[in-house]
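Undergrad: Below is one structure. I have some questions about it.
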Amino acid sequence: MKVRSILVASFILFSLTTSAQRIKGSDTVLPVAQQTAEQFINLHPEARVTVTGGGTGVGISAIMDNTTDIAMASRPIKFSEKMKMKAAGENVNEVIVAYDALAVVVHPSNPVRKLTREQLEAIFRGKITNWQQVGGDDRKIVVYSRETSSGTYEFFKESVLKNKNYMPGSLSMPATGAIIQSVSQTKGAIGYVGLAYVSPRIKTLSVSYDNSHYATPTVENASNKTYPIVRPLYYYYNVKNKKQVTPLIEFILSPQGQEIIKKSGYIPVK
């Protein structure tokens with residue numbers, strides 16, 4: 001009877017720590033978060049996991065508001081965000097769950113195949129405005145970017161623009177899917193998306209940071225560090241909720257979870 005009581009208590013504890021998980025934030029992390037959550041639920045039918053996007057900033061704000069248990073992020077938490085947490089008496093833990101290559105994409109008909117970082121900076125800052133200036137057709141460049149709450153927006157600005165401002169005329173898109181749709185329908189377009197979102201609807205460019213060695217955005221090139229635009233992807237959670245979120249985070253970091261990450265077009269941590 002005593003053993004049965006312990007088993008029942010253990011089941012109740014496990015149910016409490018795995019049920020009603022809310023994950024919110026980065027659209028880049030969204031696909032793999034959904035897939036790993038689905039597999040987690042298959043293994044633990046009593047668990048309930050909801051995954052929604054909205055951008056990294058939205059996810060971290062939701063952690064502060066206690067409207068999510070895990071924030072997906074494609075950039076590190078900002079110092080100002082940490083200070084807000086501290087002022088509210090809260091503390092967060094950071095977990096790197098995968099890495100991602102950020103692909104620069106254009107319309108499939110665009111003859112340009114490669115660009116240097118400096119050329120990309122000039123395009124996204126409005127210094128280069130016609131594709132003819134970088135070996136393409138005589139066509140105006142239409143720049144698509146993510147909105148400012150996006151971690152992808154922040155990372156591209158830091159890595160490619162060296163923290164300089166985007167051009168005022170860039171078109172801000174609310175989600176990665178919107179960038180893919182816009183670029184696929186606009187011959188002069190250029191944008192950037194997470195590698196997992198790449199499809200035949202758009203064309204990826206090879207990129208060089210040393211003006212000599214160019215690499216295409218692939219899992220292999222990101223893993224061996226020949227492709228330069230690569231960043232970690234994060235889960236953030238409130239320390240006080242550690243017991244609740246640990247089973248799900250342990251699953252995504254497990255060999256099974258990391259295999260899902262690899263098959264989804266991301267770079268495993270392990």
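Every chain in the structure tokens has a letter given in the order shown (A, B, ...), and although residue numbers restart at 1 in each chain, ligands are simply numbered from 1 in the order shown.
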Which residues are close to A:Pro168, i.e. within 12 Å by only C-alpha atoms, leaving aside same-chain residues fewer than 6 positions away? Reply as a VMD selection string.
TA: chain A and resid 123 to 127 142 to 145
Undergrad: Can you tell me which residues surround A:Pro255 at a distance of at most 12 Å, considering only C-alpha atoms, apart from same-chain residues fewer than 2 positions away, and format the answer as a list of chain:residue names?
TA: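 Once the adjacent positions are removed, what remains is A:Thr36, A:Val97, A:Glu250, A:Phe251, A:Ile252, A:Leu253, A:Gly257, A:Gln258, A:Glu259, A:Ile260, A:Ile261, A:Lys262, A:Pro268, A:Val269, A:Lys270.
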Undergrad: From the set A:Thr67, A:Thr28, A:Ser208, A:Asn238, which residue has the shortest atom-to-atom contact distance to A:Lys82, counting only C-alpha atoms?
TA: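 So, comparing all the options, the nearest one is A:Asn238.
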Undergrad: Just the number, please: distance in Å from atom CA of A:Val219 to atom CA of A:Thr116, one decimal.
TA: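 Computing the Euclidean distance for atom CA of A:Val219 and atom CA of A:Thr116 yields 20.0 Å.
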Undergrad: Could you write out, as a ChimeraX atom specification, all the residues of stretch 113-224 of chain A that DSSP marks as helix (DSSP H, G or I)?
TA: /A:117-124,131-134,151-159,176-185,195-197,219-223
Undergrad: Might you pull out every residue within 12 Å of A:Thr129, with only C-alpha atoms counted and same-chain residues fewer than 3 positions away left off, and present them as a list of chain:residue names?
TA: A:Gln119, A:Leu120, A:Glu121, A:Ala122, A:Ile123, A:Phe124, A:Arg125, A:Gly126, A:Gln132, A:Gln133, A:Val134, A:Gly136, A:Asp137, A:Asp138, A:Arg139, A:Lys140, A:Ile141, A:Val142, A:Val143, A:Met167, A:Gly169, A:Ser170, A:Gly188, A:Ala189, A:Ile190
Undergrad: Run DSSP on the backbone and grab whatever in stretch 58-183 of chain A lands in strand (DSSP E or B); send it over as a ChimeraX atom specification.
TA: /A:70-73,92-106,114-116,130,140,142-146,171-173
Undergrad: Can you work out which one of A:Lys263, A:Lys203, A:Lys24, A:Lys242 has the shortest atom-to-atom distance to A:Glu94, counting only C-alpha atoms?
TA: A:Lys242
Undergrad: Just the residues within 9 Å of A:Tyr209, please, counting only C-alpha atoms, with nothing from its chain fewer than 6 positions along; format it as a ChimeraX atom specification.
TA: /A:116-118,160,227-229
Undergrad: At what distance in Å, to one decimal, does atom CA of A:Arg75 lie from atom CA of A:Glu154?
TA: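 Calculated distance between atom CA of A:Glu154 and atom CA of A:Arg75 is 7.2 Å.
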Undergrad: Please measure the separation of atom CA of A:Ile179 and atom CA of A:Val105, giving the value in Å to one decimal.
TA: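 Spanning atom CA of A:Ile179 to atom CA of A:Val105 is a straight-line distance of 9.3 Å.
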Undergrad: So that I can check the surroundings of A:Met72, please list as a tab-separated table (two decimals) with N, CA, C and O atoms, in the first residue's frame every protein, DNA and RNA residue that reaches within 9 Å of it, counting only C-alpha atoms and ignoring chain neighbours fewer than 2 positions away.
TA:
```tsv
chain	number	residue	atom	x	y	z
A	23	ILE	N	4.51	27.98	-24.42
A	23	ILE	CA	5.75	28.40	-25.06
A	23	ILE	C	5.40	29.51	-26.05
A	23	ILE	O	4.49	29.36	-26.86
A	24	LYS	N	6.14	30.61	-25.98
A	24	LYS	CA	5.78	31.76	-26.82
A	24	LYS	C	7.04	32.53	-27.22
A	24	LYS	O	8.01	32.57	-26.47
A	25	GLY	N	7.00	33.14	-28.43
A	25	GLY	CA	8.10	34.02	-28.80
A	25	GLY	C	8.56	33.89	-30.24
A	25	GLY	O	7.73	33.98	-31.16
A	26	SER	N	9.84	33.66	-30.43
A	26	SER	CA	10.50	33.74	-31.73
A	26	SER	C	9.84	32.91	-32.82
A	26	SER	O	9.61	31.71	-32.66
A	27	ASP	N	9.56	33.54	-33.96
A	27	ASP	CA	9.04	32.82	-35.12
A	27	ASP	C	10.09	31.89	-35.72
A	27	ASP	O	9.75	30.89	-36.36
A	28	THR	N	11.36	32.22	-35.52
A	28	THR	CA	12.44	31.35	-36.00
A	28	THR	C	12.42	30.01	-35.27
A	28	THR	O	12.57	28.95	-35.87
A	29	VAL	N	12.22	30.05	-33.97
A	29	VAL	CA	12.24	28.84	-33.15
A	29	VAL	C	10.91	28.08	-33.25
A	29	VAL	O	10.85	26.88	-32.99
A	30	LEU	N	9.86	28.78	-33.66
A	30	LEU	CA	8.50	28.23	-33.65
A	30	LEU	C	8.36	26.84	-34.28
A	30	LEU	O	7.80	25.93	-33.65
A	33	ALA	N	10.01	24.16	-32.12
A	33	ALA	CA	9.33	24.10	-30.82
A	33	ALA	C	8.03	23.32	-30.95
A	33	ALA	O	7.66	22.52	-30.08
A	53	GLY	N	3.86	32.00	-31.77
A	53	GLY	CA	4.95	32.89	-32.16
A	53	GLY	C	4.72	34.32	-31.71
A	53	GLY	O	4.19	34.57	-30.64
A	55	GLY	N	7.38	36.74	-32.08
A	55	GLY	CA	8.67	37.42	-32.01
A	55	GLY	C	9.34	37.27	-30.65
A	55	GLY	O	8.68	37.04	-29.63
A	56	THR	N	10.65	37.37	-30.63
A	56	THR	CA	11.43	37.21	-29.40
A	56	THR	C	11.00	38.19	-28.32
A	56	THR	O	10.80	37.80	-27.16
A	59	GLY	N	7.86	37.17	-26.65
A	59	GLY	CA	8.05	36.04	-25.74
A	59	GLY	C	8.65	36.46	-24.41
A	59	GLY	O	8.20	36.03	-23.35
A	60	ILE	N	9.67	37.31	-24.47
A	60	ILE	CA	10.32	37.74	-23.23
A	60	ILE	C	9.39	38.62	-22.41
A	60	ILE	O	9.34	38.52	-21.19
A	70	ILE	N	7.71	29.40	-21.06
A	70	ILE	CA	8.99	29.41	-21.77
A	70	ILE	C	8.92	30.45	-22.87
A	70	ILE	O	7.95	30.51	-23.62
A	74	SER	N	15.51	34.26	-30.46
A	74	SER	CA	16.58	34.10	-31.45
A	74	SER	C	17.68	35.14	-31.23
A	74	SER	O	18.49	35.40	-32.11
A	233	LEU	N	19.87	29.71	-30.66
A	233	LEU	CA	18.45	29.88	-30.37
A	233	LEU	C	18.21	29.48	-28.92
A	233	LEU	O	18.77	28.48	-28.45
A	234	TYR	N	17.37	30.23	-28.22
A	234	TYR	CA	17.25	30.09	-26.77
A	234	TYR	C	15.84	29.74	-26.31
A	234	TYR	O	14.85	30.11	-26.95
A	235	TYR	N	15.80	29.07	-25.17
A	235	TYR	CA	14.60	29.00	-24.33
A	235	TYR	C	14.93	29.76	-23.05
A	235	TYR	O	16.00	29.55	-22.46
A	236	TYR	N	14.04	30.65	-22.63
A	236	TYR	CA	14.16	31.33	-21.34
A	236	TYR	C	12.97	30.95	-20.47
A	236	TYR	O	11.86	30.81	-20.96
```
Undergrad: Counting only C-alpha atoms, which of A:Ser80, A:Gln181, A:Ser159, A:Asn42 gets nearest to A:Ser199?
TA: A:Gln181
Undergrad: Which residue gives the smallest distance to A:Ala178 among A:Arg146, A:Ile77, A:Leu195, A:Ile63, with only C-alpha atoms counted?
TA: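 The shortest atom-to-atom distance to A:Ala178 comes from A:Arg146.
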Undergrad: For A:Val32, which residue out of A:Ala196, A:Ser206, A:Val245, A:Asn163 is the nearest one, using only C-alpha atoms?
TA: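 Counting only C-alpha atoms, the residue closest to A:Val32 is A:Ala196.
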Undergrad: Counting only C-alpha atoms, which residue out of A:Val239, A:Lys187, A:Ile202, A:Tyr266 sits closest to A:Ser223?
TA: A:Tyr266
